[in-house]
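*Asks:* Just one file: coords-v8.pdb, with PDB, C-alpha atoms.
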ATOM      1  CA  MET A   1     110.946  71.302  87.382
ATOM      2  CA  GLY A   2     109.200  67.993  87.333
ATOM      3  CA  MET A   3     105.861  66.397  86.675
ATOM      4  CA  GLY A   4     104.781  63.326  88.577
ATOM      5  CA  LEU A   5     103.329  60.446  86.651
ATOM      6  CA  GLU A   6     102.679  56.769  87.187
ATOM      7  CA  LEU A   7     103.729  53.966  84.895
ATOM      8  CA  ASN A   8     100.994  51.317  84.661
ATOM      9  CA  THR A   9     101.192  47.896  83.085
ATOM     10  CA  MET A  10      97.610  46.779  83.596
ATOM     11  CA  ILE A  11      94.137  48.310  83.799
ATOM     12  CA  VAL A  12      92.638  48.183  87.292
ATOM     13  CA  THR A  13      88.963  49.100  87.044
ATOM     14  CA  LYS A  14      87.754  49.032  90.679
ATOM     15  CA  ASN A  15      84.342  48.733  89.001
ATOM     16  CA  ASN A  16      84.530  52.371  87.900
ATOM     17  CA  GLU A  17      84.500  51.661  84.179
ATOM     18  CA  SER A  18      81.526  52.729  82.096
ATOM     19  CA  ARG A  19      80.439  51.422  78.728
ATOM     20  CA  ALA A  20      80.976  53.774  75.815
ATOM     21  CA  GLN A  21      77.848  54.214  73.698
ATOM     22  CA  GLU A  22      79.337  53.220  70.405
ATOM     23  CA  SER A  23      80.231  49.687  71.223
ATOM     24  CA  ASP A  24      79.529  46.861  73.604
ATOM     25  CA  ASN A  25      83.160  46.158  74.268
ATOM     26  CA  VAL A  26      84.552  49.659  74.610
ATOM     27  CA  TYR A  27      84.866  51.119  78.087
ATOM     28  CA  ILE A  28      85.815  54.473  79.581
ATOM     29  CA  LEU A  29      87.743  54.674  82.839
ATOM     30  CA  VAL A  30      88.868  57.745  84.781
ATOM     31  CA  LYS A  31      91.885  57.517  87.102
ATOM     32  CA  GLU A  32      93.450  60.103  89.385
ATOM     33  CA  GLY A  33      96.787  61.572  88.427
ATOM     34  CA  TYR A  34      98.739  61.413  85.190
ATOM     35  CA  ARG A  35      99.180  57.768  84.305
ATOM     36  CA  LEU A  36     101.163  56.262  81.500
ATOM     37  CA  TYR A  37      99.834  53.073  79.903
ATOM     38  CA  PRO A  38     100.983  51.243  76.796
ATOM     39  CA  MET A  39      98.711  52.072  73.861
ATOM     40  CA  GLU A  40      97.357  49.475  71.420
ATOM     41  CA  ILE A  41      99.006  46.580  73.263
ATOM     42  CA  PRO A  42      97.047  43.772  74.975
ATOM     43  CA  ILE A  43      97.279  44.219  78.751
ATOM     44  CA  GLU A  44      95.504  42.623  81.678
ATOM     45  CA  VAL A  45      92.265  44.089  82.983
ATOM     46  CA  ARG A  46      91.647  43.454  86.669
ATOM     47  CA  LYS A  47      88.989  44.574  89.138
ATOM     48  CA  THR A  48      91.583  45.189  91.852
ATOM     49  CA  LYS A  49      95.376  45.183  91.902
ATOM     50  CA  GLY A  50      95.801  41.696  93.253
ATOM     51  CA  GLY A  51      92.358  40.547  92.216
ATOM     52  CA  GLU A  52      90.959  38.349  89.499
ATOM     53  CA  ILE A  53      91.763  39.006  85.857
ATOM     54  CA  VAL A  54      88.635  40.194  84.043
ATOM     55  CA  GLY A  55      90.165  39.832  80.618
ATOM     56  CA  THR A  56      92.505  41.489  78.172
ATOM     57  CA  GLY A  57      92.179  45.112  77.152
ATOM     58  CA  ILE A  58      93.640  47.343  74.466
ATOM     59  CA  ILE A  59      93.850  51.051  75.175
ATOM     60  CA  LYS A  60      92.581  53.086  72.203
ATOM     61  CA  GLN A  61      92.708  56.551  73.706
ATOM     62  CA  LEU A  62      94.482  58.141  76.665
ATOM     63  CA  ARG A  63      93.830  61.711  77.780
ATOM     64  CA  TRP A  64      95.509  63.782  80.492
ATOM     65  CA  GLU A  65      93.785  66.844  81.906
ATOM     66  CA  ASP A  66      93.550  68.517  85.352
ATOM     67  CA  LYS A  67      95.624  65.793  87.024
ATOM     68  CA  MET A  68      93.278  63.082  85.773
ATOM     69  CA  THR A  69      93.724  60.299  83.240
ATOM     70  CA  TYR A  70      90.842  59.325  80.932
ATOM     71  CA  LEU A  71      91.189  55.933  79.286
ATOM     72  CA  THR A  72      89.167  54.410  76.486
ATOM     73  CA  TYR A  73      89.860  50.717  76.098
ATOM     74  CA  GLU A  74      88.454  47.771  74.237
ATOM     75  CA  LEU A  75      87.907  44.536  76.100
ATOM     76  CA  VAL A  76      89.202  42.017  73.571
ATOM     77  CA  SER A  77      88.948  38.846  75.584
ATOM     78  CA  LEU A  78      87.031  37.912  78.655
ATOM     79  CA  LYS A  79      87.902  35.294  81.232
ATOM     80  CA  SER A  80      84.845  33.076  81.611
ATOM     81  CA  THR A  81      83.955  32.419  85.233
ATOM     82  CA  ASN A  82      81.328  29.707  85.076
TER
ATOM     83  CA  MET B   1     106.027  43.955  73.879
ATOM     84  CA  GLY B   2     106.780  47.622  73.607
ATOM     85  CA  MET B   3     105.233  50.884  72.618
ATOM     86  CA  GLY B   4     107.327  53.618  71.043
ATOM     87  CA  LEU B   5     106.982  57.115  72.371
ATOM     88  CA  GLU B   6     108.942  60.336  72.296
ATOM     89  CA  LEU B   7     109.906  62.438  75.270
ATOM     90  CA  ASN B   8     109.582  66.142  74.468
ATOM     91  CA  THR B   9     110.753  69.102  76.506
ATOM     92  CA  MET B  10     109.440  71.919  74.330
ATOM     93  CA  ILE B  11     106.533  72.591  71.963
ATOM     94  CA  VAL B  12     107.579  72.869  68.316
ATOM     95  CA  THR B  13     104.646  74.247  66.340
ATOM     96  CA  LYS B  14     105.913  74.286  62.736
ATOM     97  CA  ASN B  15     103.034  76.761  62.279
ATOM     98  CA  ASN B  16     100.524  73.926  62.602
ATOM     99  CA  GLU B  17      98.851  75.219  65.755
ATOM    100  CA  SER B  18      95.255  76.418  65.635
ATOM    101  CA  ARG B  19      93.497  78.696  68.042
ATOM    102  CA  ALA B  20      90.897  77.043  70.276
ATOM    103  CA  GLN B  21      87.544  78.811  70.203
ATOM    104  CA  GLU B  22      87.224  79.388  73.909
ATOM    105  CA  SER B  23      90.196  81.614  74.384
ATOM    106  CA  ASP B  24      92.637  83.864  72.596
ATOM    107  CA  ASN B  25      95.687  82.291  74.158
ATOM    108  CA  VAL B  26      94.778  78.622  73.960
ATOM    109  CA  TYR B  27      96.052  76.596  71.029
ATOM    110  CA  ILE B  28      95.597  73.081  69.694
ATOM    111  CA  LEU B  29      98.451  71.228  68.059
ATOM    112  CA  VAL B  30      98.502  67.751  66.516
ATOM    113  CA  LYS B  31     101.765  65.800  66.313
ATOM    114  CA  GLU B  32     102.533  62.406  64.807
ATOM    115  CA  GLY B  33     103.267  59.539  67.145
ATOM    116  CA  TYR B  34     102.791  59.184  70.871
ATOM    117  CA  ARG B  35     104.616  62.045  72.536
ATOM    118  CA  LEU B  36     105.170  62.663  76.194
ATOM    119  CA  TYR B  37     105.250  66.289  77.366
ATOM    120  CA  PRO B  38     105.304  67.700  80.879
ATOM    121  CA  MET B  39     101.813  68.874  81.873
ATOM    122  CA  GLU B  40     101.107  72.195  83.612
ATOM    123  CA  ILE B  41     104.782  73.257  83.545
ATOM    124  CA  PRO B  42     106.073  76.296  81.625
ATOM    125  CA  ILE B  43     108.019  75.086  78.565
ATOM    126  CA  GLU B  44     109.414  76.813  75.518
ATOM    127  CA  VAL B  45     107.295  77.186  72.399
ATOM    128  CA  ARG B  46     109.275  77.359  69.164
ATOM    129  CA  LYS B  47     108.337  77.469  65.501
ATOM    130  CA  THR B  48     111.097  75.007  64.581
ATOM    131  CA  LYS B  49     113.505  72.863  66.612
ATOM    132  CA  GLY B  50     116.440  75.197  66.424
ATOM    133  CA  GLY B  51     114.388  78.251  65.559
ATOM    134  CA  GLU B  52     113.258  81.317  67.446
ATOM    135  CA  ILE B  53     111.407  81.030  70.736
ATOM    136  CA  VAL B  54     107.796  82.155  70.281
ATOM    137  CA  GLY B  55     107.068  82.270  73.979
ATOM    138  CA  THR B  56     106.265  80.071  76.947
ATOM    139  CA  GLY B  57     103.471  77.545  76.921
ATOM    140  CA  ILE B  58     101.672  75.426  79.493
ATOM    141  CA  ILE B  59     100.092  72.191  78.343
ATOM    142  CA  LYS B  60      96.547  71.826  79.680
ATOM    143  CA  GLN B  61      95.494  68.669  77.859
ATOM    144  CA  LEU B  62      97.305  65.823  76.132
ATOM    145  CA  ARG B  63      95.530  63.093  74.188
ATOM    146  CA  TRP B  64      96.882  59.980  72.499
ATOM    147  CA  GLU B  65      94.874  58.211  69.813
ATOM    148  CA  ASP B  66      95.657  56.355  66.567
ATOM    149  CA  LYS B  67      99.395  57.053  66.850
ATOM    150  CA  MET B  68      98.766  60.796  67.090
ATOM    151  CA  THR B  69      99.225  63.262  69.937
ATOM    152  CA  TYR B  70      96.725  66.097  70.421
ATOM    153  CA  LEU B  71      97.955  68.949  72.604
ATOM    154  CA  THR B  72      96.015  71.849  74.057
ATOM    155  CA  TYR B  73      98.295  74.514  75.471
ATOM    156  CA  GLU B  74      98.073  78.040  76.773
ATOM    157  CA  LEU B  75     100.569  80.603  75.561
ATOM    158  CA  VAL B  76     101.394  82.369  78.812
ATOM    159  CA  SER B  77     104.117  84.686  77.626
ATOM    160  CA  LEU B  78     105.132  85.937  74.245
ATOM    161  CA  LYS B  79     108.551  87.052  73.098
ATOM    162  CA  SER B  80     108.080  90.501  71.526
ATOM    163  CA  THR B  81     109.840  90.852  68.199
ATOM    164  CA  ASN B  82     109.712  94.580  67.508
TER
ATOM    165  CA  MET C   1     100.072  48.073  89.601
ATOM    166  CA  GLY C   2     101.959  51.272  89.065
ATOM    167  CA  MET C   3     105.365  52.791  89.507
ATOM    168  CA  GLY C   4     105.753  56.461  90.330
ATOM    169  CA  LEU C   5     108.208  58.487  88.362
ATOM    170  CA  GLU C   6     108.893  62.140  87.658
ATOM    171  CA  LEU C   7     109.347  63.710  84.260
ATOM    172  CA  ASN C   8     112.111  66.314  84.328
ATOM    173  CA  THR C   9     113.017  68.836  81.653
ATOM    174  CA  MET C  10     116.044  70.423  83.310
ATOM    175  CA  ILE C  11     118.835  69.454  85.704
ATOM    176  CA  VAL C  12     118.530  71.070  89.141
ATOM    177  CA  THR C  13     121.767  70.504  91.026
ATOM    178  CA  LYS C  14     121.127  72.087  94.440
ATOM    179  CA  ASN C  15     124.935  72.058  94.615
ATOM    180  CA  ASN C  16     124.917  68.284  95.054
ATOM    181  CA  GLU C  17     126.757  67.488  91.842
ATOM    182  CA  SER C  18     130.254  65.988  91.992
ATOM    183  CA  ARG C  19     132.907  65.977  89.333
ATOM    184  CA  ALA C  20     133.539  62.605  87.683
ATOM    185  CA  GLN C  21     137.228  61.663  87.622
ATOM    186  CA  GLU C  22     137.521  61.153  83.907
ATOM    187  CA  SER C  23     136.774  64.646  82.807
ATOM    188  CA  ASP C  24     136.607  68.258  83.935
ATOM    189  CA  ASN C  25     133.165  68.807  82.476
ATOM    190  CA  VAL C  26     131.435  65.591  83.459
ATOM    191  CA  TYR C  27     129.371  65.566  86.640
ATOM    192  CA  ILE C  28     127.483  63.011  88.670
ATOM    193  CA  LEU C  29     124.250  63.879  90.423
ATOM    194  CA  VAL C  30     122.038  61.714  92.623
ATOM    195  CA  LYS C  31     118.324  62.507  92.959
ATOM    196  CA  GLU C  32     115.609  60.868  95.046
ATOM    197  CA  GLY C  33     112.975  58.822  93.272
ATOM    198  CA  TYR C  34     112.809  57.509  89.739
ATOM    199  CA  ARG C  35     113.207  60.452  87.405
ATOM    200  CA  LEU C  36     112.946  60.543  83.667
ATOM    201  CA  TYR C  37     115.198  62.981  81.786
ATOM    202  CA  PRO C  38     115.825  63.337  78.068
ATOM    203  CA  MET C  39     119.110  61.655  77.128
ATOM    204  CA  GLU C  40     121.700  63.231  74.817
ATOM    205  CA  ILE C  41     119.680  66.443  74.391
ATOM    206  CA  PRO C  42     120.885  69.874  75.572
ATOM    207  CA  ILE C  43     118.875  70.915  78.645
ATOM    208  CA  GLU C  44     119.215  73.685  81.191
ATOM    209  CA  VAL C  45     121.296  73.177  84.309
ATOM    210  CA  ARG C  46     120.166  75.263  87.297
ATOM    211  CA  LYS C  47     121.213  75.442  90.921
ATOM    212  CA  THR C  48     117.605  75.683  92.088
ATOM    213  CA  LYS C  49     114.237  75.338  90.354
ATOM    214  CA  GLY C  50     113.615  79.011  89.842
ATOM    215  CA  GLY C  51     117.252  80.013  90.232
ATOM    216  CA  GLU C  52     119.978  81.082  87.880
ATOM    217  CA  ILE C  53     120.918  78.986  84.861
ATOM    218  CA  VAL C  54     124.392  77.496  85.362
ATOM    219  CA  GLY C  55     124.693  76.389  81.765
ATOM    220  CA  THR C  56     123.625  73.655  79.368
ATOM    221  CA  GLY C  57     124.041  69.981  80.122
ATOM    222  CA  ILE C  58     123.757  66.753  78.171
ATOM    223  CA  ILE C  59     122.868  63.605  80.058
ATOM    224  CA  LYS C  60     125.152  60.711  79.106
ATOM    225  CA  GLN C  61     123.978  58.110  81.586
ATOM    226  CA  LEU C  62     120.881  57.603  83.704
ATOM    227  CA  ARG C  63     120.553  54.849  86.285
ATOM    228  CA  TRP C  64     117.605  53.841  88.460
ATOM    229  CA  GLU C  65     118.134  51.753  91.568
ATOM    230  CA  ASP C  66     116.556  51.586  95.058
ATOM    231  CA  LYS C  67     114.228  54.512  94.341
ATOM    232  CA  MET C  68     117.158  56.745  93.429
ATOM    233  CA  THR C  69     118.234  58.262  90.119
ATOM    234  CA  TYR C  70     121.947  58.544  89.269
ATOM    235  CA  LEU C  71     122.755  60.988  86.490
ATOM    236  CA  THR C  72     126.009  61.509  84.623
ATOM    237  CA  TYR C  73     125.966  64.681  82.541
ATOM    238  CA  GLU C  74     128.372  66.793  80.599
ATOM    239  CA  LEU C  75     128.319  70.545  81.064
ATOM    240  CA  VAL C  76     128.633  71.714  77.480
ATOM    241  CA  SER C  77     128.223  75.434  77.941
ATOM    242  CA  LEU C  78     128.578  77.670  80.942
ATOM    243  CA  LYS C  79     126.872  80.990  81.597
ATOM    244  CA  SER C  80     129.652  83.455  82.467
ATOM    245  CA  THR C  81     128.883  85.535  85.538
ATOM    246  CA  ASN C  82     131.528  88.268  85.493
TER
ATOM    247  CA  MET D   1     113.534  68.372  70.571
ATOM    248  CA  GLY D   2     112.634  64.825  71.400
ATOM    249  CA  MET D   3     114.102  61.600  72.631
ATOM    250  CA  GLY D   4     112.746  58.287  71.469
ATOM    251  CA  LEU D   5     112.048  55.627  74.031
ATOM    252  CA  GLU D   6     110.039  52.449  74.295
ATOM    253  CA  LEU D   7     107.576  51.577  77.023
ATOM    254  CA  ASN D   8     107.862  47.914  77.977
ATOM    255  CA  THR D   9     105.568  45.879  80.178
ATOM    256  CA  MET D  10     107.440  42.580  80.187
ATOM    257  CA  ILE D  11     111.031  41.340  79.937
ATOM    258  CA  VAL D  12     111.792  39.551  76.666
ATOM    259  CA  THR D  13     115.160  37.828  77.012
ATOM    260  CA  LYS D  14     115.736  36.255  73.574
ATOM    261  CA  ASN D  15     118.205  34.120  75.519
ATOM    262  CA  ASN D  16     120.559  37.088  75.864
ATOM    263  CA  GLU D  17     120.397  37.311  79.644
ATOM    264  CA  SER D  18     123.489  36.523  81.695
ATOM    265  CA  ARG D  19     123.683  35.527  85.320
ATOM    266  CA  ALA D  20     125.062  38.179  87.672
ATOM    267  CA  GLN D  21     127.860  36.853  89.873
ATOM    268  CA  GLU D  22     126.316  37.785  93.179
ATOM    269  CA  SER D  23     123.292  35.614  92.988
ATOM    270  CA  ASP D  24     121.749  32.623  91.284
ATOM    271  CA  ASN D  25     118.515  34.410  90.518
ATOM    272  CA  VAL D  26     119.778  37.785  89.390
ATOM    273  CA  TYR D  27     120.243  38.370  85.676
ATOM    274  CA  ILE D  28     121.639  41.093  83.465
ATOM    275  CA  LEU D  29     120.094  41.878  80.098
ATOM    276  CA  VAL D  30     121.142  44.456  77.510
ATOM    277  CA  LYS D  31     118.582  45.839  75.052
ATOM    278  CA  GLU D  32     118.952  48.294  72.195
ATOM    279  CA  GLY D  33     117.498  51.769  72.582
ATOM    280  CA  TYR D  34     116.188  53.579  75.617
ATOM    281  CA  ARG D  35     113.516  51.427  77.175
ATOM    282  CA  LEU D  36     111.256  52.212  80.073
ATOM    283  CA  TYR D  37     110.261  49.339  82.363
ATOM    284  CA  PRO D  38     108.418  49.401  85.669
ATOM    285  CA  MET D  39     110.887  49.081  88.553
ATOM    286  CA  GLU D  40     110.346  46.810  91.546
ATOM    287  CA  ILE D  41     107.065  45.433  90.193
ATOM    288  CA  PRO D  42     106.523  41.769  89.237
ATOM    289  CA  ILE D  43     106.374  41.501  85.448
ATOM    290  CA  GLU D  44     106.408  38.575  83.034
ATOM    291  CA  VAL D  45     109.689  37.221  81.722
ATOM    292  CA  ARG D  46     109.450  35.616  78.285
ATOM    293  CA  LYS D  47     111.983  34.177  75.852
ATOM    294  CA  THR D  48     110.246  35.801  72.885
ATOM    295  CA  LYS D  49     107.401  38.310  72.540
ATOM    296  CA  GLY D  50     104.676  35.804  71.896
ATOM    297  CA  GLY D  51     106.590  32.888  73.393
ATOM    298  CA  GLU D  52     106.368  30.930  76.599
ATOM    299  CA  ILE D  53     106.479  32.671  79.968
ATOM    300  CA  VAL D  54     109.747  31.809  81.733
ATOM    301  CA  GLY D  55     108.602  33.219  85.041
ATOM    302  CA  THR D  56     108.172  36.458  86.925
ATOM    303  CA  GLY D  57     110.892  39.044  87.242
ATOM    304  CA  ILE D  58     111.480  42.166  89.299
ATOM    305  CA  ILE D  59     113.734  44.836  87.860
ATOM    306  CA  LYS D  60     116.248  46.068  90.441
ATOM    307  CA  GLN D  61     118.318  48.350  88.271
ATOM    308  CA  LEU D  62     117.860  50.083  84.937
ATOM    309  CA  ARG D  63     120.614  52.015  83.189
ATOM    310  CA  TRP D  64     120.548  54.074  79.984
ATOM    311  CA  GLU D  65     123.739  54.862  78.140
ATOM    312  CA  ASP D  66     124.765  55.220  74.462
ATOM    313  CA  LYS D  67     121.289  54.312  73.212
ATOM    314  CA  MET D  68     121.333  51.039  75.133
ATOM    315  CA  THR D  69     119.346  49.839  78.134
ATOM    316  CA  TYR D  70     121.023  47.684  80.802
ATOM    317  CA  LEU D  71     118.636  45.789  83.060
ATOM    318  CA  THR D  72     119.343  43.903  86.248
ATOM    319  CA  TYR D  73     116.407  41.767  87.330
ATOM    320  CA  GLU D  74     115.639  39.085  89.827
ATOM    321  CA  LEU D  75     113.752  36.014  88.694
ATOM    322  CA  VAL D  76     111.329  35.560  91.560
ATOM    323  CA  SER D  77     109.246  32.710  90.269
ATOM    324  CA  LEU D  78     109.801  30.175  87.595
ATOM    325  CA  LYS D  79     107.223  28.343  85.489
ATOM    326  CA  SER D  80     107.976  24.631  85.822
ATOM    327  CA  THR D  81     107.960  22.802  82.516
ATOM    328  CA  ASN D  82     107.874  19.122  83.451
TER
END
Starting from the file, lay out its structure as structure tokens.

*Replies:*
Amino acid sequence: MGMGLELNTMIVTKNNESRAQESDNVYILVKEGYRLYPMEIPIEVRKTKGGEIVGTGIIKQLRWEDKMTYLTYELVSLKSTN
Amino acid sequence: MGMGLELNTMIVTKNNESRAQESDNVYILVKEGYRLYPMEIPIEVRKTKGGEIVGTGIIKQLRWEDKMTYLTYELVSLKSTN
Amino acid sequence: MGMGLELNTMIVTKNNESRAQESDNVYILVKEGYRLYPMEIPIEVRKTKGGEIVGTGIIKQLRWEDKMTYLTYELVSLKSTN
Amino acid sequence: MGMGLELNTMIVTKNNESRAQESDNVYILVKEGYRLYPMEIPIEVRKTKGGEIVGTGIIKQLRWEDKMTYLTYELVSLKSTN
């Protein structure tokens, strides 16, 4: 028997991220399906797959439940766009 | 850059499981390191690696944080030992 | 961007395995998609998902290419059926 | 029972890559341990972890055997260094 999952190498927000209360730079993002991301490693944060890089994120918590993935990540650097 | 993880095919409790409040058959187990288990699939539950089979469990929630893995699983069948 | 894969905890042959030349107990099995199996750990070998257990296998080689998974496993114990 | 593996999001060559015969842009790289990389997805190729980006690679084949990982990847774009 098998369990489907998806290996991800970047965080794609699609503007669905929400700020966690505790900190200005910590975000929560919910994705469909069971997704595997590298923990505690700087990875790119993008708005869309092929879209602009928002910055660099570090995933602090990953949770799988009911075929959903709940990510908590810290945005450690931000691409300035001025 | 890489992230170490461990692929697991059974739940080894080492008697560290604790009952979740909501249900008699739902347990919480904390393991060191980031561990990958199949979700929502019946797998063996054992007390020790090579030890007796306690029963069959189904993992309902998996959480990674601070190099720890937090499992919530339902014990769906129990080996009788009389 | 993501890559789909499937986490597997047993070998399901569906009678598609073929004997490798080098040994009587070493088999090759090709499966669709990228599938993750535990290496060098005894796992169940079944003909079908819910079907009879053929025996215990140990995966010696796993190869991913063109959305296919190529397994080489050794059948280390066989359920007798007399 | 568990199997250790490492989740990787980029190819770090440490100058150990070798050219495959069939093509000028296809390389073979051997790494210690079982390592999981995304297949068929553009990822960064670097000489060292924190070092310069050599270009972008796409992994065409991944093989696990004897606690080693054998990668075949195509270098699809190259950072010019003039």

*Asks:* Counting all atoms listed in the file, which residues of chain A fall within 8 Å of chain C, and what is the closest atom pair for each with its distance in Å at one decimal, ordered by chain and rising number, as JSON lines?

*Replies:*
{"residue": "A:Met1", "atom": "CA", "partner": "C:Asn8", "partner_atom": "CA", "distance": 6.0}
{"residue": "A:Gly2", "atom": "CA", "partner": "C:Asn8", "partner_atom": "CA", "distance": 4.5}
{"residue": "A:Met3", "atom": "CA", "partner": "C:Leu7", "partner_atom": "CA", "distance": 5.0}
{"residue": "A:Gly4", "atom": "CA", "partner": "C:Glu6", "partner_atom": "CA", "distance": 4.4}
{"residue": "A:Leu5", "atom": "CA", "partner": "C:Leu5", "partner_atom": "CA", "distance": 5.5}
{"residue": "A:Glu6", "atom": "CA", "partner": "C:Gly4", "partner_atom": "CA", "distance": 4.4}
{"residue": "A:Leu7", "atom": "CA", "partner": "C:Met3", "partner_atom": "CA", "distance": 5.0}
{"residue": "A:Asn8", "atom": "CA", "partner": "C:Gly2", "partner_atom": "CA", "distance": 4.5}
{"residue": "A:Thr9", "atom": "CA", "partner": "C:Met1", "partner_atom": "CA", "distance": 6.6}
{"residue": "A:Met10", "atom": "CA", "partner": "C:Met1", "partner_atom": "CA", "distance": 6.6}
{"residue": "A:Val12", "atom": "CA", "partner": "C:Met1", "partner_atom": "CA", "distance": 7.8}
{"residue": "A:Lys49", "atom": "CA", "partner": "C:Met1", "partner_atom": "CA", "distance": 6.0}

*Asks:* Please, which residues are within 8 Å of (86.5, 54.3, 85.2) by the file's coordinates, counting all atoms listed in the file, and could they come as a ChimeraX atom specification?

*Replies:* /A:13-18,27-31,70-71

*Asks:* Counting all atoms listed in the file, I want the residues whose atoms come within 8 Å of (134.4, 69.4, 82.1) in the file frame, returned as a list in words.

*Replies:* Ser23, Asp24, Asn25, Val26, Tyr27, Glu74, Leu75 and Val76 of chain C

*Asks:* Would you mind telling me which residue in D:Gly33, D:Thr56, D:Gln21, D:Ile43 lies nearest to Thr69 (chain D) when using only C-alpha atoms?

*Replies:* D:Gly33

*Asks:* Could you check how far CA of Lys47 (chain B) sits from CA of Met68 (chain A), in Å to one decimal?

*Replies:*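 Those two atoms sit 29.1 Å apart.
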
*Asks:* Quick one: pull the distance between CA of Tyr73 (chain C) and CA of Glu40 (chain D), Å, one decimal.

*Replies:*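 Rounded to one decimal, the two atoms are 25.4 Å apart.
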
*Asks:* As an exercise, work out the distance from CA of Ile59 (chain A) to CA of Thr72 (chain A) in Å and give it to one decimal place.

*Replies:* 5.9 Å

*Asks:* Rebuild region 45-50 of chain A so that it carries all heavy atoms, then output the result as a PDB file, in the coordinates of the input.

*Replies:*
ATOM      1  N   VAL A  45      93.279  43.264  82.321  1.00  0.00           N
ATOM      2  CA  VAL A  45      92.265  44.089  82.983  1.00  0.00           C
ATOM      3  C   VAL A  45      91.865  43.363  84.262  1.00  0.00           C
ATOM      4  O   VAL A  45      91.504  42.183  84.225  1.00  0.00           O
ATOM      5  CB  VAL A  45      91.027  44.305  82.082  1.00  0.00           C
ATOM      6  CG1 VAL A  45      89.984  45.155  82.789  1.00  0.00           C
ATOM      7  CG2 VAL A  45      91.420  44.929  80.753  1.00  0.00           C
ATOM      8  N   ARG A  46      92.015  44.049  85.388  1.00  0.00           N
ATOM      9  CA  ARG A  46      91.647  43.454  86.669  1.00  0.00           C
ATOM     10  C   ARG A  46      90.679  44.378  87.422  1.00  0.00           C
ATOM     11  O   ARG A  46      90.686  45.577  87.221  1.00  0.00           O
ATOM     12  CB  ARG A  46      92.886  43.260  87.553  1.00  0.00           C
ATOM     13  CG  ARG A  46      93.846  42.181  87.071  1.00  0.00           C
ATOM     14  CD  ARG A  46      95.074  42.164  87.979  1.00  0.00           C
ATOM     15  NE  ARG A  46      96.119  41.310  87.444  1.00  0.00           N
ATOM     16  CZ  ARG A  46      96.376  40.076  87.886  1.00  0.00           C
ATOM     17  NH1 ARG A  46      95.682  39.580  88.893  1.00  0.00           N
ATOM     18  NH2 ARG A  46      97.339  39.348  87.344  1.00  0.00           N
ATOM     19  N   LYS A  47      89.890  43.769  88.306  1.00  0.00           N
ATOM     20  CA  LYS A  47      88.989  44.574  89.138  1.00  0.00           C
ATOM     21  C   LYS A  47      89.774  45.301  90.231  1.00  0.00           C
ATOM     22  O   LYS A  47      89.540  46.464  90.516  1.00  0.00           O
ATOM     23  CB  LYS A  47      87.924  43.685  89.788  1.00  0.00           C
ATOM     24  CG  LYS A  47      86.743  43.391  88.885  1.00  0.00           C
ATOM     25  CD  LYS A  47      85.590  42.836  89.703  1.00  0.00           C
ATOM     26  CE  LYS A  47      84.597  42.118  88.793  1.00  0.00           C
ATOM     27  NZ  LYS A  47      84.024  42.990  87.749  1.00  0.00           N
ATOM     28  N   THR A  48      90.704  44.597  90.839  1.00  0.00           N
ATOM     29  CA  THR A  48      91.583  45.189  91.852  1.00  0.00           C
ATOM     30  C   THR A  48      93.003  44.760  91.548  1.00  0.00           C
ATOM     31  O   THR A  48      93.223  43.791  90.808  1.00  0.00           O
ATOM     32  CB  THR A  48      91.219  44.722  93.273  1.00  0.00           C
ATOM     33  OG1 THR A  48      91.397  43.300  93.331  1.00  0.00           O
ATOM     34  CG2 THR A  48      89.798  45.083  93.630  1.00  0.00           C
ATOM     35  N   LYS A  49      93.960  45.457  92.148  1.00  0.00           N
ATOM     36  CA  LYS A  49      95.376  45.183  91.902  1.00  0.00           C
ATOM     37  C   LYS A  49      95.724  43.702  91.971  1.00  0.00           C
ATOM     38  O   LYS A  49      96.268  43.132  91.045  1.00  0.00           O
ATOM     39  CB  LYS A  49      96.225  45.893  92.979  1.00  0.00           C
ATOM     40  CG  LYS A  49      96.796  47.217  92.549  1.00  0.00           C
ATOM     41  CD  LYS A  49      97.845  47.624  93.574  1.00  0.00           C
ATOM     42  CE  LYS A  49      97.963  49.139  93.599  1.00  0.00           C
ATOM     43  NZ  LYS A  49      98.987  49.600  94.539  1.00  0.00           N
ATOM     44  N   GLY A  50      95.422  43.093  93.083  1.00  0.00           N
ATOM     45  CA  GLY A  50      95.801  41.696  93.253  1.00  0.00           C
ATOM     46  C   GLY A  50      94.657  40.758  92.906  1.00  0.00           C
ATOM     47  O   GLY A  50      94.776  39.546  93.082  1.00  0.00           O
TER      48      GLY A  50
END
